[in-house]
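> Coordinates in query04.cif, mmCIF, C-alpha atoms (C1' of nucleotides), are listed below.
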data_protein
loop_
_atom_site.group_PDB
_atom_site.id
_atom_site.type_symbol
_atom_site.label_atom_id
_atom_site.label_comp_id
_atom_site.auth_asym_id
_atom_site.auth_seq_id
_atom_site.Cartn_x
_atom_site.Cartn_y
_atom_site.Cartn_z
ATOM 1 C CA MET K 1 166.313 -12.766 17.542
ATOM 2 C CA ILE K 2 164.987 -11.347 20.765
ATOM 3 C CA GLY K 3 166.005 -11.936 24.354
ATOM 4 C CA SER K 4 166.646 -10.258 27.667
ATOM 5 C CA CYS K 5 169.042 -10.218 30.587
ATOM 6 C CA PRO K 6 168.976 -8.560 34.014
ATOM 7 C CA PHE K 7 170.668 -5.320 35.032
ATOM 8 C CA VAL K 8 170.261 -4.031 38.579
ATOM 9 C CA TYR K 9 166.471 -3.500 38.959
ATOM 10 C CA TRP K 10 165.629 -3.969 35.297
ATOM 11 C CA ASP K 11 165.465 -6.411 32.431
ATOM 12 C CA VAL K 12 167.281 -5.327 29.314
ATOM 13 C CA GLU K 13 165.382 -6.520 26.275
ATOM 14 C CA VAL K 14 167.447 -6.778 23.106
ATOM 15 C CA GLU K 15 166.435 -7.345 19.507
ATOM 16 C CA TRP K 16 169.200 -8.270 17.071
ATOM 17 C CA GLU K 17 170.146 -10.017 13.849
ATOM 18 C CA ARG K 18 173.628 -11.451 13.355
ATOM 19 C CA GLU K 19 176.034 -8.904 14.907
ATOM 20 C CA ILE K 20 173.732 -5.905 14.596
ATOM 21 C CA ILE K 21 171.408 -4.682 17.338
ATOM 22 C CA TYR K 22 168.207 -2.993 16.242
ATOM 23 C CA TYR K 23 166.334 -2.353 19.462
ATOM 24 C CA ILE K 24 166.992 -2.141 23.181
ATOM 25 C CA ARG K 25 164.606 -1.223 25.970
ATOM 26 C CA PHE K 26 164.616 -1.331 29.742
ATOM 27 C CA LYS K 27 161.698 -2.920 31.565
ATOM 28 C CA PRO K 28 160.949 -3.527 35.231
ATOM 29 C CA ARG K 29 162.463 -6.844 36.275
ATOM 30 C CA LYS K 30 160.102 -9.775 35.959
ATOM 31 C CA THR K 31 161.678 -12.915 34.693
ATOM 32 C CA GLY K 32 165.287 -12.808 35.800
ATOM 33 C CA ALA K 33 166.116 -15.111 32.889
ATOM 34 C CA SER K 34 169.495 -14.286 31.498
ATOM 35 C CA GLY K 35 171.950 -15.001 28.740
ATOM 36 C CA LEU K 36 169.705 -14.628 25.724
ATOM 37 C CA VAL K 37 171.426 -11.517 24.404
ATOM 38 C CA PRO K 38 174.561 -10.921 22.322
ATOM 39 C CA LEU K 39 177.810 -11.452 24.181
ATOM 40 C CA PRO K 40 179.033 -7.817 24.007
ATOM 41 C CA VAL K 41 175.869 -6.659 25.770
ATOM 42 C CA ARG K 42 176.274 -9.249 28.517
ATOM 43 C CA LEU K 43 179.883 -8.257 29.042
ATOM 44 C CA PHE K 44 179.103 -4.555 29.049
ATOM 45 C CA LEU K 45 176.330 -4.910 31.632
ATOM 46 C CA ALA K 46 178.580 -7.105 33.736
ATOM 47 C CA GLY K 47 180.990 -4.185 33.959
ATOM 48 C CA LYS K 48 183.488 -5.190 31.311
ATOM 49 C CA ARG K 49 184.809 -2.466 29.079
ATOM 50 C CA THR K 50 183.780 -3.808 25.665
ATOM 51 C CA ASP K 51 183.304 -2.356 22.212
ATOM 52 C CA ILE K 52 179.555 -2.465 22.164
ATOM 53 C CA GLN K 53 179.481 0.293 19.548
ATOM 54 C CA GLY K 54 180.452 -2.300 16.968
ATOM 55 C CA CYS K 55 176.859 -3.550 17.139
ATOM 56 C CA VAL K 56 175.402 -0.282 15.899
ATOM 57 C CA SER K 57 172.977 -0.433 12.982
ATOM 58 C CA ASP K 58 174.236 1.728 10.137
ATOM 59 C CA VAL K 59 170.761 2.753 9.007
ATOM 60 C CA LEU K 60 170.522 4.802 12.218
ATOM 61 C CA LEU K 61 173.791 6.503 11.342
ATOM 62 C CA ASN K 62 172.956 7.126 7.703
ATOM 63 C CA SER K 63 169.300 8.034 7.527
ATOM 64 C CA GLY K 64 166.826 10.226 9.362
ATOM 65 C CA ALA K 65 167.198 13.647 10.927
ATOM 66 C CA TYR K 66 169.041 12.276 13.943
ATOM 67 C CA ALA K 67 171.710 10.407 11.989
ATOM 68 C CA HIS K 68 174.509 12.902 12.522
ATOM 69 C CA ILE K 69 173.578 13.248 16.192
ATOM 70 C CA TYR K 70 173.762 9.498 16.752
ATOM 71 C CA GLU K 71 177.039 9.388 14.874
ATOM 72 C CA ARG K 72 178.495 12.009 17.187
ATOM 73 C CA VAL K 73 177.204 10.299 20.325
ATOM 74 C CA VAL K 74 178.686 6.963 19.300
ATOM 75 C CA SER K 75 182.101 8.616 19.294
ATOM 76 C CA ILE K 76 181.974 9.543 22.995
ATOM 77 C CA PRO K 77 184.578 7.314 24.675
ATOM 78 C CA TYR K 78 183.819 4.902 27.489
ATOM 79 C CA GLY K 79 183.676 6.621 30.857
ATOM 80 C CA GLU K 80 183.382 10.128 29.415
ATOM 81 C CA THR K 81 180.442 12.467 28.883
ATOM 82 C CA ALA K 82 179.423 15.337 26.616
ATOM 83 C CA SER K 83 176.692 17.916 27.150
ATOM 84 C CA TYR K 84 173.604 18.426 24.977
ATOM 85 C CA GLY K 85 174.837 21.928 24.257
ATOM 86 C CA LEU K 86 178.338 20.879 23.207
ATOM 87 C CA ILE K 87 177.035 18.309 20.759
ATOM 88 C CA ALA K 88 174.523 20.797 19.394
ATOM 89 C CA ARG K 89 177.272 23.335 18.746
ATOM 90 C CA ASP K 90 179.464 20.738 17.060
ATOM 91 C CA LEU K 91 176.661 19.868 14.669
ATOM 92 C CA ALA K 92 175.135 23.326 14.270
ATOM 93 C CA THR K 93 171.821 22.208 15.699
ATOM 94 C CA SER K 94 169.940 22.881 18.944
ATOM 95 C CA PRO K 95 170.346 21.300 22.381
ATOM 96 C CA ARG K 96 166.668 20.456 22.504
ATOM 97 C CA LEU K 97 166.895 18.454 19.320
ATOM 98 C CA VAL K 98 169.801 16.518 20.798
ATOM 99 C CA GLY K 99 167.596 15.740 23.795
ATOM 100 C CA LEU K 100 164.795 14.631 21.541
ATOM 101 C CA ALA K 101 167.116 12.389 19.568
ATOM 102 C CA MET K 102 168.280 10.775 22.800
ATOM 103 C CA LYS K 103 164.739 10.182 23.953
ATOM 104 C CA ARG K 104 163.907 8.502 20.648
ATOM 105 C CA ASN K 105 167.137 6.509 20.583
ATOM 106 C CA PRO K 106 166.147 2.965 19.569
ATOM 107 C CA THR K 107 169.351 1.410 20.911
ATOM 108 C CA PRO K 108 170.608 2.877 24.172
ATOM 109 C CA LEU K 109 173.958 1.411 25.300
ATOM 110 C CA VAL K 110 174.936 0.821 21.667
ATOM 111 C CA ILE K 111 174.343 4.497 20.997
ATOM 112 C CA PRO K 112 175.465 5.606 24.460
ATOM 113 C CA CYS K 113 172.854 8.247 25.204
ATOM 114 C CA HIS K 114 173.637 7.844 28.911
ATOM 115 C CA ARG K 115 176.917 9.683 28.237
ATOM 116 C CA VAL K 116 175.021 12.795 27.154
ATOM 117 C CA VAL K 117 174.373 14.986 30.177
ATOM 118 C CA GLY K 118 173.154 18.488 30.942
ATOM 119 C CA LYS K 119 175.563 21.360 31.264
ATOM 120 C CA ASN K 120 174.946 21.356 34.980
ATOM 121 C CA GLY K 121 172.921 18.338 35.945
ATOM 122 C CA ILE K 122 172.580 14.828 34.673
ATOM 123 C CA GLY K 123 169.819 15.417 32.122
ATOM 124 C CA GLY K 124 167.074 12.896 31.546
ATOM 125 C CA PHE K 125 166.635 9.249 30.747
ATOM 126 C CA SER K 126 163.555 7.213 30.064
ATOM 127 C CA PRO K 127 162.085 5.120 31.397
ATOM 128 C CA ASP K 128 164.040 5.690 34.619
ATOM 129 C CA ILE K 129 166.783 8.172 35.471
ATOM 130 C CA ARG K 130 168.315 5.648 37.862
ATOM 131 C CA ILE K 131 169.408 3.560 34.885
ATOM 132 C CA LYS K 132 171.520 6.435 33.643
ATOM 133 C CA GLU K 133 172.987 6.946 37.088
ATOM 134 C CA GLU K 134 173.916 3.278 37.355
ATOM 135 C CA LEU K 135 175.539 3.231 33.923
ATOM 136 C CA LEU K 136 177.585 6.356 34.557
ATOM 137 C CA ALA K 137 178.685 5.102 37.962
ATOM 138 C CA LEU K 138 179.647 1.773 36.440
ATOM 139 C CA GLU K 139 181.728 3.326 33.677
ATOM 140 C CA LYS K 140 183.431 5.689 36.065
ATOM 141 C CA ARG K 141 184.397 2.776 38.278
ATOM 142 C CA ILE K 142 185.776 0.691 35.422
ATOM 143 C CA LYS K 143 187.512 3.575 33.757
ATOM 144 C CA LYS K 144 189.588 4.199 36.841
ATOM 145 C CA THR K 145 190.502 0.722 38.027
ATOM 146 C CA GLY K 146 190.028 -1.322 34.884
ATOM 147 C CA ARG K 147 188.039 -3.693 37.038
ATOM 148 C CA LYS K 148 184.590 -3.878 38.450
ATOM 149 C CA ASP K 149 185.365 -3.484 42.134
ATOM 150 C CA GLU K 150 187.521 -1.305 44.386
ATOM 151 C "C1'" DC Q 151 150.879 24.600 15.807
ATOM 152 C "C1'" DA Q 152 152.516 22.443 20.438
ATOM 153 C "C1'" DG Q 153 156.055 19.850 22.346
ATOM 154 C "C1'" DT Q 154 160.862 18.112 23.351
ATOM 155 C "C1'" DG Q 155 165.980 14.133 28.221
ATOM 156 C "C1'" DT Q 156 168.400 22.336 26.799
ATOM 157 C "C1'" DT Q 157 170.645 26.576 27.452
ATOM 158 C "C1'" DC Q 158 171.211 31.373 28.204
ATOM 159 C "C1'" DA Q 159 170.431 36.055 29.952
ATOM 160 C "C1'" DG Q 160 168.055 38.979 33.099
ATOM 161 C "C1'" DG Q 161 166.115 40.079 37.495
ATOM 162 C "C1'" DA Q 162 164.412 39.233 42.281
ATOM 163 C "C1'" DT Q 163 165.082 37.235 46.654
ATOM 164 C "C1'" DA C 164 174.548 32.230 46.288
ATOM 165 C "C1'" DT C 165 169.674 30.257 44.577
ATOM 166 C "C1'" DC C 166 165.288 30.585 42.246
ATOM 167 C "C1'" DC C 167 162.263 32.223 38.910
ATOM 168 C "C1'" DT C 168 160.912 33.694 34.200
ATOM 169 C "C1'" DG C 169 161.045 34.035 29.174
ATOM 170 C "C1'" DA C 170 162.967 33.196 24.819
ATOM 171 C "C1'" DA C 171 165.660 30.824 21.043
ATOM 172 C "C1'" DC C 172 167.093 26.638 19.354
ATOM 173 C "C1'" DA C 173 165.797 22.535 14.929
ATOM 174 C "C1'" DC C 174 162.806 19.411 14.060
ATOM 175 C "C1'" DT C 175 158.539 16.216 14.677
ATOM 176 C "C1'" DG C 176 153.547 14.584 14.678
#
Translate the structure of the given file into C-alpha coordinates.


Amino acid sequence: MIGSCPFVYWDVEVEWEREIIYYIRFKPRKTGASGLVPLPVRLFLAGKRTDIQGCVSDVLLNSGAYAHIYERVVSIPYGETASYGLIARDLATSPRLVGLAMKRNPTPLVIPCHRVVGKNGIGGFSPDIRIKEELLALEKRIKKTGRKDE
DNA sequence: CAGTGTTCAGGAT
DNA sequence: ATCCTGAACACTG
(Lines of atoms letter the chains of each structure in order from A and count residues from 1; the text may use other names and numbers.)
(Lines give C-alpha, C1' and ligand atoms only; values in the text may rest on other atoms or scores of the structure.)
Protein backbone atom coordinates (compact mmCIF):
# COMPACT_ATOMS: atom_id res chain seq x y z
CA MET A 1 0.00 0.00 0.00
CA ILE A 2 1.08 3.56 -0.54
CA GLY A 3 -0.36 6.82 0.72
CA SER A 4 0.50 10.20 2.14
CA CYS A 5 -0.52 12.68 4.80
CA PRO A 6 0.47 16.28 5.55
CA PHE A 7 3.01 17.48 8.09
CA VAL A 8 3.70 21.20 8.44
CA TYR A 9 4.98 22.25 4.97
CA TRP A 10 5.38 18.74 3.61
CA ASP A 11 3.60 15.61 2.51
CA VAL A 12 4.79 12.43 4.16
CA GLU A 13 4.62 9.59 1.68
CA VAL A 14 4.48 6.13 3.22
CA GLU A 15 4.81 2.70 1.69
CA TRP A 16 3.75 -0.26 3.83
CA GLU A 17 2.44 -3.81 3.93
CA ARG A 18 0.38 -5.05 6.86
CA GLU A 19 2.01 -3.54 9.99
CA ILE A 20 5.45 -3.04 8.48
CA ILE A 21 6.64 0.18 6.87
CA TYR A 22 9.17 -0.13 4.08
CA TYR A 23 9.63 3.40 2.81
CA ILE A 24 9.01 6.96 3.94
CA ARG A 25 9.92 10.19 2.20
CA PHE A 26 9.14 13.86 2.63
CA LYS A 27 7.94 15.87 -0.35
CA PRO A 28 6.86 19.48 -0.79
CA ARG A 29 3.16 19.77 -0.03
CA LYS A 30 0.93 19.40 -3.06
CA THR A 31 -2.20 17.46 -2.46
CA GLY A 32 -3.10 17.98 1.16
CA ALA A 33 -4.97 14.67 1.05
CA SER A 34 -4.68 12.90 4.34
CA GLY A 35 -5.42 9.72 6.20
CA LEU A 36 -4.01 7.18 3.77
CA VAL A 37 -1.18 6.08 6.04
CA PRO A 38 -0.93 3.64 8.96
CA LEU A 39 -2.50 4.86 12.17
CA PRO A 40 0.74 5.03 14.22
CA VAL A 41 2.24 7.42 11.67
CA ARG A 42 -0.83 9.66 11.75
CA LEU A 43 -0.78 9.75 15.53
CA PHE A 44 2.94 10.42 15.69
CA LEU A 45 2.75 13.33 13.24
CA ALA A 46 -0.23 14.71 15.11
CA GLY A 47 1.99 14.98 18.18
CA LYS A 48 0.95 11.85 20.02
CA ARG A 49 3.66 9.86 21.69
CA THR A 50 3.22 6.49 19.97
CA ASP A 51 5.34 3.41 19.46
CA ILE A 52 6.08 3.94 15.82
CA GLN A 53 9.21 1.80 16.12
CA GLY A 54 6.97 -1.25 16.11
CA CYS A 55 6.55 -0.70 12.37
CA VAL A 56 10.23 -1.21 11.62
CA SER A 57 11.15 -3.69 8.91
CA ASP A 58 13.45 -6.35 10.31
CA VAL A 59 15.41 -6.76 7.09
CA LEU A 60 16.85 -3.28 7.75
CA LEU A 61 17.91 -4.40 11.21
CA ASN A 62 19.35 -7.74 10.12
CA SER A 63 21.06 -7.20 6.81
CA GLY A 64 23.39 -4.69 5.19
CA ALA A 65 26.30 -2.72 6.57
CA TYR A 66 24.03 -0.27 8.37
CA ALA A 67 22.00 -2.87 10.24
CA HIS A 68 23.67 -2.43 13.61
CA ILE A 69 23.54 1.35 13.24
CA TYR A 70 19.81 1.32 12.56
CA GLU A 71 19.31 -1.04 15.46
CA ARG A 72 21.08 1.37 17.78
CA VAL A 73 19.16 4.39 16.49
CA VAL A 74 15.82 2.66 16.97
CA SER A 75 16.65 2.36 20.66
CA ILE A 76 16.90 6.13 21.21
CA PRO A 77 13.88 7.03 23.36
CA TYR A 78 11.23 9.55 22.37
CA GLY A 79 12.30 13.11 23.05
CA GLU A 80 15.99 12.26 23.46
CA THR A 81 18.98 12.55 21.15
CA ALA A 82 22.36 10.92 20.61
CA SER A 83 25.35 12.25 18.68
CA TYR A 84 26.92 10.69 15.58
CA GLY A 85 30.13 10.31 17.54
CA LEU A 86 28.53 8.57 20.53
CA ILE A 87 26.80 6.01 18.35
CA ALA A 88 29.99 5.44 16.38
CA ARG A 89 31.92 4.75 19.58
CA ASP A 90 29.25 2.37 20.85
CA LEU A 91 29.47 0.35 17.65
CA ALA A 92 33.20 0.71 16.99
CA THR A 93 32.61 2.47 13.69
CA SER A 94 33.09 6.03 12.44
CA PRO A 95 30.86 9.09 12.84
CA ARG A 96 30.85 9.67 9.11
CA LEU A 97 29.46 6.23 8.46
CA VAL A 98 26.69 6.93 10.95
CA GLY A 99 25.90 10.09 9.00
CA LEU A 100 25.86 8.17 5.76
CA ALA A 101 23.55 5.55 7.21
CA MET A 102 21.17 8.28 8.31
CA LYS A 103 21.18 9.88 4.90
CA ARG A 104 20.35 6.54 3.29
CA ASN A 105 17.73 5.67 5.90
CA PRO A 106 14.74 4.32 3.96
CA THR A 107 12.30 4.89 6.81
CA PRO A 108 12.83 8.09 8.77
CA LEU A 109 10.48 8.45 11.77
CA VAL A 110 10.35 4.66 12.13
CA ILE A 111 14.12 4.64 12.39
CA PRO A 112 14.31 8.01 14.15
CA CYS A 113 17.29 9.54 12.38
CA HIS A 114 16.06 12.97 13.47
CA ARG A 115 17.21 12.07 17.00
CA VAL A 116 20.81 11.76 15.81
CA VAL A 117 22.51 15.14 16.09
CA GLY A 118 26.00 16.59 15.87
CA LYS A 119 28.16 16.95 18.93
CA ASN A 120 27.62 20.68 18.77
CA GLY A 121 25.01 21.49 16.20
CA ILE A 122 21.95 19.79 14.85
CA GLY A 123 23.59 17.82 12.04
CA GLY A 124 21.89 17.32 8.71
CA PHE A 125 18.64 16.08 7.30
CA SER A 126 17.50 15.60 3.75
CA PRO A 127 15.58 16.82 1.98
CA ASP A 128 15.11 19.74 4.38
CA ILE A 129 16.72 20.51 7.73
CA ARG A 130 13.53 22.23 8.87
CA ILE A 131 11.83 18.84 9.05
CA LYS A 132 14.33 17.72 11.64
CA GLU A 133 13.87 20.93 13.59
CA GLU A 134 10.11 20.50 13.61
CA LEU A 135 10.32 16.89 14.75
CA LEU A 136 12.74 17.64 17.57
CA ALA A 137 10.68 20.61 18.72
CA LEU A 138 7.55 18.48 18.65
CA GLU A 139 9.07 15.69 20.70
CA LYS A 140 10.52 18.10 23.21
CA ARG A 141 7.12 19.68 23.68
CA ILE A 142 5.33 16.36 24.15
CA LYS A 143 8.00 14.89 26.34
CA LYS A 144 7.58 17.66 28.85
CA THR A 145 3.83 18.17 29.02
CA GLY A 146 2.55 14.87 27.68
CA ARG A 147 0.33 16.94 25.44
CA LYS A 148 0.67 18.84 22.25
CA ASP A 149 0.21 22.37 23.52
CA GLU A 150 1.41 24.55 26.40
C1' DC B 1 39.55 6.23 -5.85
C1' DA B 2 36.29 10.17 -4.26
C1' DG B 3 32.67 11.10 -1.26
C1' DT B 4 29.75 11.07 3.05
C1' DG B 5 23.92 14.43 7.57
C1' DT B 6 31.49 13.86 11.75
C1' DT B 7 34.94 14.77 15.03
C1' DC B 8 39.27 16.12 16.85
C1' DA B 9 43.62 18.64 17.46
C1' DG B 10 46.38 22.51 16.26
C1' DG B 11 47.08 27.27 15.19
C1' DA B 12 45.78 32.09 13.91
C1' DT B 13 42.93 35.96 14.58
C1' DA C 1 36.09 33.38 22.41
C1' DT C 2 35.60 32.19 17.03
C1' DC C 3 37.31 30.65 12.62
C1' DC C 4 40.15 28.11 9.72
C1' DT C 5 42.71 23.94 8.22
C1' DG C 6 43.92 19.06 7.84
C1' DA C 7 43.47 14.38 8.97
C1' DA C 8 41.27 9.92 10.52
C1' DC C 9 37.25 7.43 10.67
C1' DA C 10 34.40 2.71 7.89
C1' DC C 11 32.24 1.88 4.14
C1' DT C 12 30.02 2.68 -0.68
C1' DG C 13 29.57 3.23 -5.88

> For chain C, work out the contacting residues on chain K at 9 Å, counting only C-alpha atoms (C1' of nucleotides), and write them as a list of chain:residue names.

K:Ala65, K:Thr93, K:Ser94, K:Pro95, K:Arg96, K:Leu97

> Could you dump the residues just selected with C-alpha atoms as a PDB file, in the coordinates of the input?


ATOM      1  CA  ALA K  65     167.198  13.647  10.927  1.00  0.00           C
ATOM      2  CA  THR K  93     171.821  22.208  15.699  1.00  0.00           C
ATOM      3  CA  SER K  94     169.940  22.881  18.944  1.00  0.00           C
ATOM      4  CA  PRO K  95     170.346  21.300  22.381  1.00  0.00           C
ATOM      5  CA  ARG K  96     166.668  20.456  22.504  1.00  0.00           C
ATOM      6  CA  LEU K  97     166.895  18.454  19.320  1.00  0.00           C
TER       7      LEU K  97
END

> Within 8 Å of chain K, which residues belong to chain Q? Use only C-alpha atoms (C1' of nucleotides) and report them as a list in words.

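Contact residues on the first chain: DT154, DG155, DT156 and DT157 of chain Q.
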
> Quick check, in Å to one decimal: how far apart do atom CA of Arg18 of chain K and atom CA of Ser34 of chain K lie?

18.8 Å

> To one decimal place in Å, what is the distance between atom CA of Ile131 of chain K and atom CA of Glu15 of chain K?

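Computing the Euclidean distance for atom CA of Ile131 of chain K and atom CA of Glu15 of chain K yields 19.1 Å.
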
> Put a box with edges along x, y and z around all the listed atoms of segment 165-173 of chain C, pad it by 8 Å on each side, then give me its centre and sizes in Å, one decimal, as lines of an AutoDock Vina configuration file.


center_x = 165.3
center_y = 28.3
center_z = 29.8
size_x = 24.8
size_y = 27.5
size_z = 45.6

> Under the PyMOL selection byres ((chain K and resi 57) around 7), which residues of this model are included? Write them out as a list of chain:residue names.

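That selection, the PyMOL selection byres ((chain K and resi 57) around 7), comes back as K:Ile20, K:Ile21, K:Tyr22, K:Cys55, K:Val56, K:Asp58, K:Val59, K:Leu60.
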
> Can you tell me how far atom CA of Asp11 of chain K sits from atom CA of Val41 of chain K, in Å to one decimal?

12.4 Å

> Using the atoms already present, construct N, CA, C and O atoms for segment 37-62 of chain K and hand them back as a PDB file, keeping the file's coordinate frame.


ATOM      1  N   VAL K  37     171.097 -12.738  25.136  1.00  0.00           N
ATOM      2  CA  VAL K  37     171.426 -11.517  24.404  1.00  0.00           C
ATOM      3  C   VAL K  37     172.853 -11.660  23.873  1.00  0.00           C
ATOM      4  O   VAL K  37     173.616 -12.501  24.353  1.00  0.00           O
ATOM      5  N   PRO K  38     173.221 -10.830  22.888  1.00  0.00           N
ATOM      6  CA  PRO K  38     174.561 -10.921  22.322  1.00  0.00           C
ATOM      7  C   PRO K  38     175.644 -10.762  23.395  1.00  0.00           C
ATOM      8  O   PRO K  38     175.473 -10.004  24.347  1.00  0.00           O
ATOM      9  N   LEU K  39     176.724 -11.451  23.201  1.00  0.00           N
ATOM     10  CA  LEU K  39     177.810 -11.452  24.181  1.00  0.00           C
ATOM     11  C   LEU K  39     178.309 -10.065  24.565  1.00  0.00           C
ATOM     12  O   LEU K  39     178.497  -9.788  25.758  1.00  0.00           O
ATOM     13  N   PRO K  40     178.531  -9.151  23.612  1.00  0.00           N
ATOM     14  CA  PRO K  40     179.033  -7.817  24.007  1.00  0.00           C
ATOM     15  C   PRO K  40     178.120  -7.117  25.000  1.00  0.00           C
ATOM     16  O   PRO K  40     178.596  -6.427  25.909  1.00  0.00           O
ATOM     17  N   VAL K  41     176.813  -7.291  24.850  1.00  0.00           N
ATOM     18  CA  VAL K  41     175.869  -6.659  25.770  1.00  0.00           C
ATOM     19  C   VAL K  41     176.004  -7.269  27.161  1.00  0.00           C
ATOM     20  O   VAL K  41     176.035  -6.557  28.168  1.00  0.00           O
ATOM     21  N   ARG K  42     176.093  -8.587  27.209  1.00  0.00           N
ATOM     22  CA  ARG K  42     176.274  -9.249  28.517  1.00  0.00           C
ATOM     23  C   ARG K  42     177.531  -8.750  29.200  1.00  0.00           C
ATOM     24  O   ARG K  42     177.522  -8.432  30.383  1.00  0.00           O
ATOM     25  N   LEU K  43     178.613  -8.690  28.450  1.00  0.00           N
ATOM     26  CA  LEU K  43     179.883  -8.257  29.042  1.00  0.00           C
ATOM     27  C   LEU K  43     179.801  -6.821  29.524  1.00  0.00           C
ATOM     28  O   LEU K  43     180.243  -6.482  30.619  1.00  0.00           O
ATOM     29  N   PHE K  44     179.211  -5.966  28.691  1.00  0.00           N
ATOM     30  CA  PHE K  44     179.103  -4.555  29.049  1.00  0.00           C
ATOM     31  C   PHE K  44     178.326  -4.382  30.346  1.00  0.00           C
ATOM     32  O   PHE K  44     178.750  -3.661  31.253  1.00  0.00           O
ATOM     33  N   LEU K  45     177.177  -5.044  30.446  1.00  0.00           N
ATOM     34  CA  LEU K  45     176.330  -4.910  31.632  1.00  0.00           C
ATOM     35  C   LEU K  45     176.986  -5.540  32.857  1.00  0.00           C
ATOM     36  O   LEU K  45     176.703  -5.162  33.984  1.00  0.00           O
ATOM     37  N   ALA K  46     177.871  -6.481  32.621  1.00  0.00           N
ATOM     38  CA  ALA K  46     178.580  -7.105  33.736  1.00  0.00           C
ATOM     39  C   ALA K  46     179.745  -6.236  34.191  1.00  0.00           C
ATOM     40  O   ALA K  46     180.478  -6.598  35.100  1.00  0.00           O
ATOM     41  N   GLY K  47     179.945  -5.091  33.522  1.00  0.00           N
ATOM     42  CA  GLY K  47     180.990  -4.185  33.959  1.00  0.00           C
ATOM     43  C   GLY K  47     182.295  -4.341  33.230  1.00  0.00           C
ATOM     44  O   GLY K  47     183.321  -3.834  33.644  1.00  0.00           O
ATOM     45  N   LYS K  48     182.269  -5.056  32.112  1.00  0.00           N
ATOM     46  CA  LYS K  48     183.488  -5.190  31.311  1.00  0.00           C
ATOM     47  C   LYS K  48     183.513  -4.091  30.267  1.00  0.00           C
ATOM     48  O   LYS K  48     182.498  -3.769  29.648  1.00  0.00           O
ATOM     49  N   ARG K  49     184.685  -3.527  30.067  1.00  0.00           N
ATOM     50  CA  ARG K  49     184.809  -2.466  29.079  1.00  0.00           C
ATOM     51  C   ARG K  49     184.906  -3.086  27.680  1.00  0.00           C
ATOM     52  O   ARG K  49     185.959  -3.524  27.261  1.00  0.00           O
ATOM     53  N   THR K  50     183.780  -3.134  26.968  1.00  0.00           N
ATOM     54  CA  THR K  50     183.780  -3.808  25.665  1.00  0.00           C
ATOM     55  C   THR K  50     183.304  -2.869  24.568  1.00  0.00           C
ATOM     56  O   THR K  50     182.620  -1.884  24.822  1.00  0.00           O
ATOM     57  N   ASP K  51     183.651  -3.183  23.363  1.00  0.00           N
ATOM     58  CA  ASP K  51     183.304  -2.356  22.212  1.00  0.00           C
ATOM     59  C   ASP K  51     181.897  -2.671  21.726  1.00  0.00           C
ATOM     60  O   ASP K  51     181.693  -3.302  20.708  1.00  0.00           O
ATOM     61  N   ILE K  52     180.945  -2.193  22.500  1.00  0.00           N
ATOM     62  CA  ILE K  52     179.555  -2.465  22.164  1.00  0.00           C
ATOM     63  C   ILE K  52     179.097  -1.628  20.975  1.00  0.00           C
ATOM     64  O   ILE K  52     178.127  -1.937  20.314  1.00  0.00           O
ATOM     65  N   GLN K  53     179.826  -0.573  20.671  1.00  0.00           N
ATOM     66  CA  GLN K  53     179.481   0.293  19.548  1.00  0.00           C
ATOM     67  C   GLN K  53     179.578  -0.429  18.206  1.00  0.00           C
ATOM     68  O   GLN K  53     179.012  -0.012  17.221  1.00  0.00           O
ATOM     69  N   GLY K  54     180.332  -1.515  18.193  1.00  0.00           N
ATOM     70  CA  GLY K  54     180.452  -2.300  16.968  1.00  0.00           C
ATOM     71  C   GLY K  54     179.136  -2.919  16.539  1.00  0.00           C
ATOM     72  O   GLY K  54     178.979  -3.346  15.396  1.00  0.00           O
ATOM     73  N   CYS K  55     178.155  -2.943  17.441  1.00  0.00           N
ATOM     74  CA  CYS K  55     176.859  -3.550  17.139  1.00  0.00           C
ATOM     75  C   CYS K  55     175.877  -2.550  16.565  1.00  0.00           C
ATOM     76  O   CYS K  55     174.709  -2.867  16.338  1.00  0.00           O
ATOM     77  N   VAL K  56     176.323  -1.328  16.321  1.00  0.00           N
ATOM     78  CA  VAL K  56     175.402  -0.282  15.899  1.00  0.00           C
ATOM     79  C   VAL K  56     174.864  -0.555  14.495  1.00  0.00           C
ATOM     80  O   VAL K  56     175.588  -1.061  13.631  1.00  0.00           O
ATOM     81  N   SER K  57     173.575  -0.243  14.299  1.00  0.00           N
ATOM     82  CA  SER K  57     172.977  -0.433  12.982  1.00  0.00           C
ATOM     83  C   SER K  57     173.256   0.787  12.117  1.00  0.00           C
ATOM     84  O   SER K  57     172.996   1.918  12.509  1.00  0.00           O
ATOM     85  N   ASP K  58     173.795   0.589  10.945  1.00  0.00           N
ATOM     86  CA  ASP K  58     174.236   1.728  10.137  1.00  0.00           C
ATOM     87  C   ASP K  58     173.070   2.499   9.516  1.00  0.00           C
ATOM     88  O   ASP K  58     173.272   3.612   9.051  1.00  0.00           O
ATOM     89  N   VAL K  59     171.871   1.954   9.526  1.00  0.00           N
ATOM     90  CA  VAL K  59     170.761   2.753   9.007  1.00  0.00           C
ATOM     91  C   VAL K  59     170.483   3.917   9.961  1.00  0.00           C
ATOM     92  O   VAL K  59     170.109   5.007   9.539  1.00  0.00           O
ATOM     93  N   LEU K  60     170.705   3.714  11.259  1.00  0.00           N
ATOM     94  CA  LEU K  60     170.522   4.802  12.218  1.00  0.00           C
ATOM     95  C   LEU K  60     171.528   5.913  11.976  1.00  0.00           C
ATOM     96  O   LEU K  60     171.247   7.087  12.166  1.00  0.00           O
ATOM     97  N   LEU K  61     172.726   5.527  11.538  1.00  0.00           N
ATOM     98  CA  LEU K  61     173.791   6.503  11.342  1.00  0.00           C
ATOM     99  C   LEU K  61     173.716   7.185   9.987  1.00  0.00           C
ATOM    100  O   LEU K  61     174.342   8.219   9.771  1.00  0.00           O
ATOM    101  N   ASN K  62     172.959   6.603   9.075  1.00  0.00           N
ATOM    102  CA  ASN K  62     172.956   7.126   7.703  1.00  0.00           C
ATOM    103  C   ASN K  62     171.642   7.733   7.248  1.00  0.00           C
ATOM    104  O   ASN K  62     171.586   8.395   6.222  1.00  0.00           O
TER     105      ASN K  62
END
